[in-house]
Amino acid sequence: MRCIERQRPPDDGASTGGPRSGDRRPGGLRLAEVYDPERPGLPRGRSSLPAPVVRKAQRERLLGAVISAVAEQGYPHTTVAMVVARARVSRKAFYDHFTDLEDCFLTALADAQKVILRELMNAPKGLGEKPAPLAVLQAGLRSYLTLCAREPEYARCILVELPAVGPRALKGRNKAYGAVADVLRLWREHAAKRHPEWPPVEEPAYRAAVGAIAELITAHVCAGDAAALPALHGPLTDILLRILAAPPPRAT
């Protein structure tokens, strides 16, 4: 699903280098945050900073900048020049870290997907020693929707821009979708031990569940309404339970 019309994000300084200093969102700094244009870039030439510190800072700036640029401009219209301008690092520094724009973009998304999986796996913590299966599913879904709402640039890049990059990107997306499907499979297998009356589920159901989640989130991201994603928690819970042949909430 592609957005027919790209909506420009609010003027927060991203077009000239990043959000204004002090910008915060629920949950802390946004993953896509890049540096304020009024803040100095990294020291050029000889510096008192250790080389590993400089390289790490360069990489973080570039990964944040490529997400910000692609989310605003679209991948086909994004250039290395745009990314280094936002990150406030040299073009040489870019090529010290990445072979090209695609390499930088896919690296940024791979890091984002690790964050997503970590959020899903950690979501049930705090529910007690033996939480109900429904509570575990709801916690993971709520965490994912909240993350996408907090990080609309990442959501746009993963769901909308990634398929346009090429075969390598599609392979990475399929791998990421498979990882989320694995999380759902583990949940279903664990829950079924407590509910032996549940019918068996065919393997394609897990990928179908991931597709349903992605489709509904993509529609909101395309409409510029990522902030409303947490409200999908109830409908998506019901959809997942039906696809995975689990009892409806009232019967759990």
# chains A, B, ... in the order shown; residues from 1 in each chain; ligands from 1

$ residues_around --residues "Leu137 (chain A)" --least-positions-apart "4" --cutoff "12 Å" --atoms "only C-alpha atoms" --output "ChimeraX atom specification"
/A:120-125,127,131-133,141-144,183-188,190-191,233-234,236-241,244,246,249,252

$ write_last_selection --atoms "N, CA and C atoms" --output "compact mmCIF listing (two decimals), in the first residue's frame"
# COMPACT_ATOMS: atom_id res chain seq x y z
N LEU A 120 8.35 -5.53 21.71
CA LEU A 120 7.35 -6.59 21.74
C LEU A 120 7.68 -7.64 22.79
N MET A 121 8.94 -8.00 22.88
CA MET A 121 9.34 -9.05 23.82
C MET A 121 9.29 -8.56 25.27
N ASN A 122 9.54 -7.28 25.49
CA ASN A 122 9.57 -6.74 26.85
C ASN A 122 8.21 -6.27 27.33
N ALA A 123 7.26 -6.15 26.41
CA ALA A 123 5.95 -5.59 26.77
C ALA A 123 5.25 -6.32 27.92
N PRO A 124 5.30 -7.68 27.98
CA PRO A 124 4.57 -8.37 29.05
C PRO A 124 5.18 -8.20 30.44
N LYS A 125 6.41 -7.67 30.52
CA LYS A 125 7.03 -7.50 31.84
C LYS A 125 6.17 -6.57 32.69
N LEU A 127 3.42 -7.67 34.14
CA LEU A 127 2.07 -8.21 34.19
C LEU A 127 1.91 -9.30 35.26
N PRO A 131 0.73 -14.08 33.64
CA PRO A 131 -0.33 -13.25 33.07
C PRO A 131 -1.22 -14.04 32.13
N ALA A 132 -2.46 -13.62 32.01
CA ALA A 132 -3.39 -14.26 31.08
C ALA A 132 -2.91 -14.05 29.65
N PRO A 133 -3.12 -15.03 28.78
CA PRO A 133 -2.67 -14.89 27.38
C PRO A 133 -3.17 -13.61 26.71
N LEU A 141 0.76 -5.57 21.64
CA LEU A 141 0.13 -4.76 20.61
C LEU A 141 0.11 -3.30 21.02
N ARG A 142 -0.22 -3.04 22.27
CA ARG A 142 -0.25 -1.65 22.75
C ARG A 142 1.14 -1.01 22.66
N SER A 143 2.16 -1.78 23.01
CA SER A 143 3.53 -1.28 22.95
C SER A 143 3.92 -0.93 21.52
N TYR A 144 3.56 -1.80 20.57
CA TYR A 144 3.91 -1.57 19.17
C TYR A 144 3.19 -0.35 18.61
N VAL A 183 7.03 -14.06 16.89
CA VAL A 183 6.58 -13.61 18.21
C VAL A 183 5.13 -14.02 18.42
N LEU A 184 4.30 -13.84 17.40
CA LEU A 184 2.89 -14.24 17.52
C LEU A 184 2.75 -15.75 17.66
N ARG A 185 3.59 -16.49 16.95
CA ARG A 185 3.55 -17.95 17.04
C ARG A 185 3.90 -18.41 18.46
N LEU A 186 4.94 -17.82 19.02
CA LEU A 186 5.34 -18.18 20.39
C LEU A 186 4.23 -17.87 21.37
N TRP A 187 3.58 -16.71 21.16
CA TRP A 187 2.46 -16.36 22.05
C TRP A 187 1.35 -17.40 21.92
N ARG A 188 0.99 -17.75 20.68
CA ARG A 188 -0.12 -18.68 20.45
C ARG A 188 0.19 -20.07 21.03
N HIS A 190 2.26 -20.80 23.48
CA HIS A 190 2.25 -20.73 24.95
C HIS A 190 0.81 -20.64 25.47
N ALA A 191 0.00 -19.81 24.81
CA ALA A 191 -1.39 -19.64 25.25
C ALA A 191 -2.19 -20.93 25.08
N HIS A 233 -5.97 -0.25 19.18
CA HIS A 233 -5.65 -1.38 20.06
C HIS A 233 -6.80 -2.38 20.15
N GLY A 234 -8.00 -1.89 20.40
CA GLY A 234 -9.15 -2.78 20.53
C GLY A 234 -9.48 -3.53 19.25
N LEU A 236 -7.65 -4.11 16.59
CA LEU A 236 -6.57 -5.01 16.18
C LEU A 236 -6.49 -6.24 17.07
N THR A 237 -6.77 -6.07 18.35
CA THR A 237 -6.80 -7.23 19.24
C THR A 237 -7.84 -8.23 18.77
N ASP A 238 -9.01 -7.73 18.44
CA ASP A 238 -10.09 -8.61 17.97
C ASP A 238 -9.70 -9.30 16.66
N ILE A 239 -9.08 -8.55 15.76
CA ILE A 239 -8.66 -9.12 14.47
C ILE A 239 -7.64 -10.23 14.68
N LEU A 240 -6.65 -9.98 15.53
CA LEU A 240 -5.61 -10.98 15.77
C LEU A 240 -6.19 -12.24 16.41
N LEU A 241 -7.09 -12.07 17.35
CA LEU A 241 -7.70 -13.23 18.00
C LEU A 241 -8.47 -14.09 16.99
N LEU A 244 -5.93 -15.86 14.59
CA LEU A 244 -5.17 -16.90 15.28
C LEU A 244 -6.06 -17.91 15.99
N ALA A 246 -8.13 -17.81 18.36
CA ALA A 246 -8.18 -17.72 19.82
C ALA A 246 -9.56 -17.21 20.21
N PRO A 249 -12.16 -11.75 23.41
CA PRO A 249 -11.83 -11.26 24.75
C PRO A 249 -12.79 -11.65 25.84
N THR A 252 -12.05 -15.10 27.30
CA THR A 252 -10.72 -15.46 27.79
C THR A 252 -10.64 -15.40 29.30

$ residues_around --residues "region 224-232 of chain A" --least-positions-apart "3" --cutoff "10 Å" --atoms "only C-alpha atoms" --output "number ranges by chain"
A: 3, 5-9, 141-153, 155-156, 213, 216-221, 235-237

$ closest_residue --among "A:Ala57, A:Val160, A:Ala110, A:Ala135" --to "Gly172 (chain A)" --atoms "only C-alpha atoms"
A:Ala110

$ closest_residue --among "A:Val210, A:Ala176, A:Trp198, A:Ser68" --to "Val115 (chain A)" --atoms "only C-alpha atoms"
A:Ala176

$ residues_around --residues "region 206-208 of chain A" --least-positions-apart "3" --cutoff "7 Å" --atoms "only C-alpha atoms" --output "list in words"
Gly178, Ala181, Leu184, Arg185, Glu203, Gly211 and Ala212 of chain A

$ select_by_dssp --residues "region 42-230 of chain A" --states "helix (DSSP H, G or I)" --output "ChimeraX atom specification"
/A:51-73,75-77,80-87,91-97,101-122,133-150,152-164,167-194,204-222,226-230
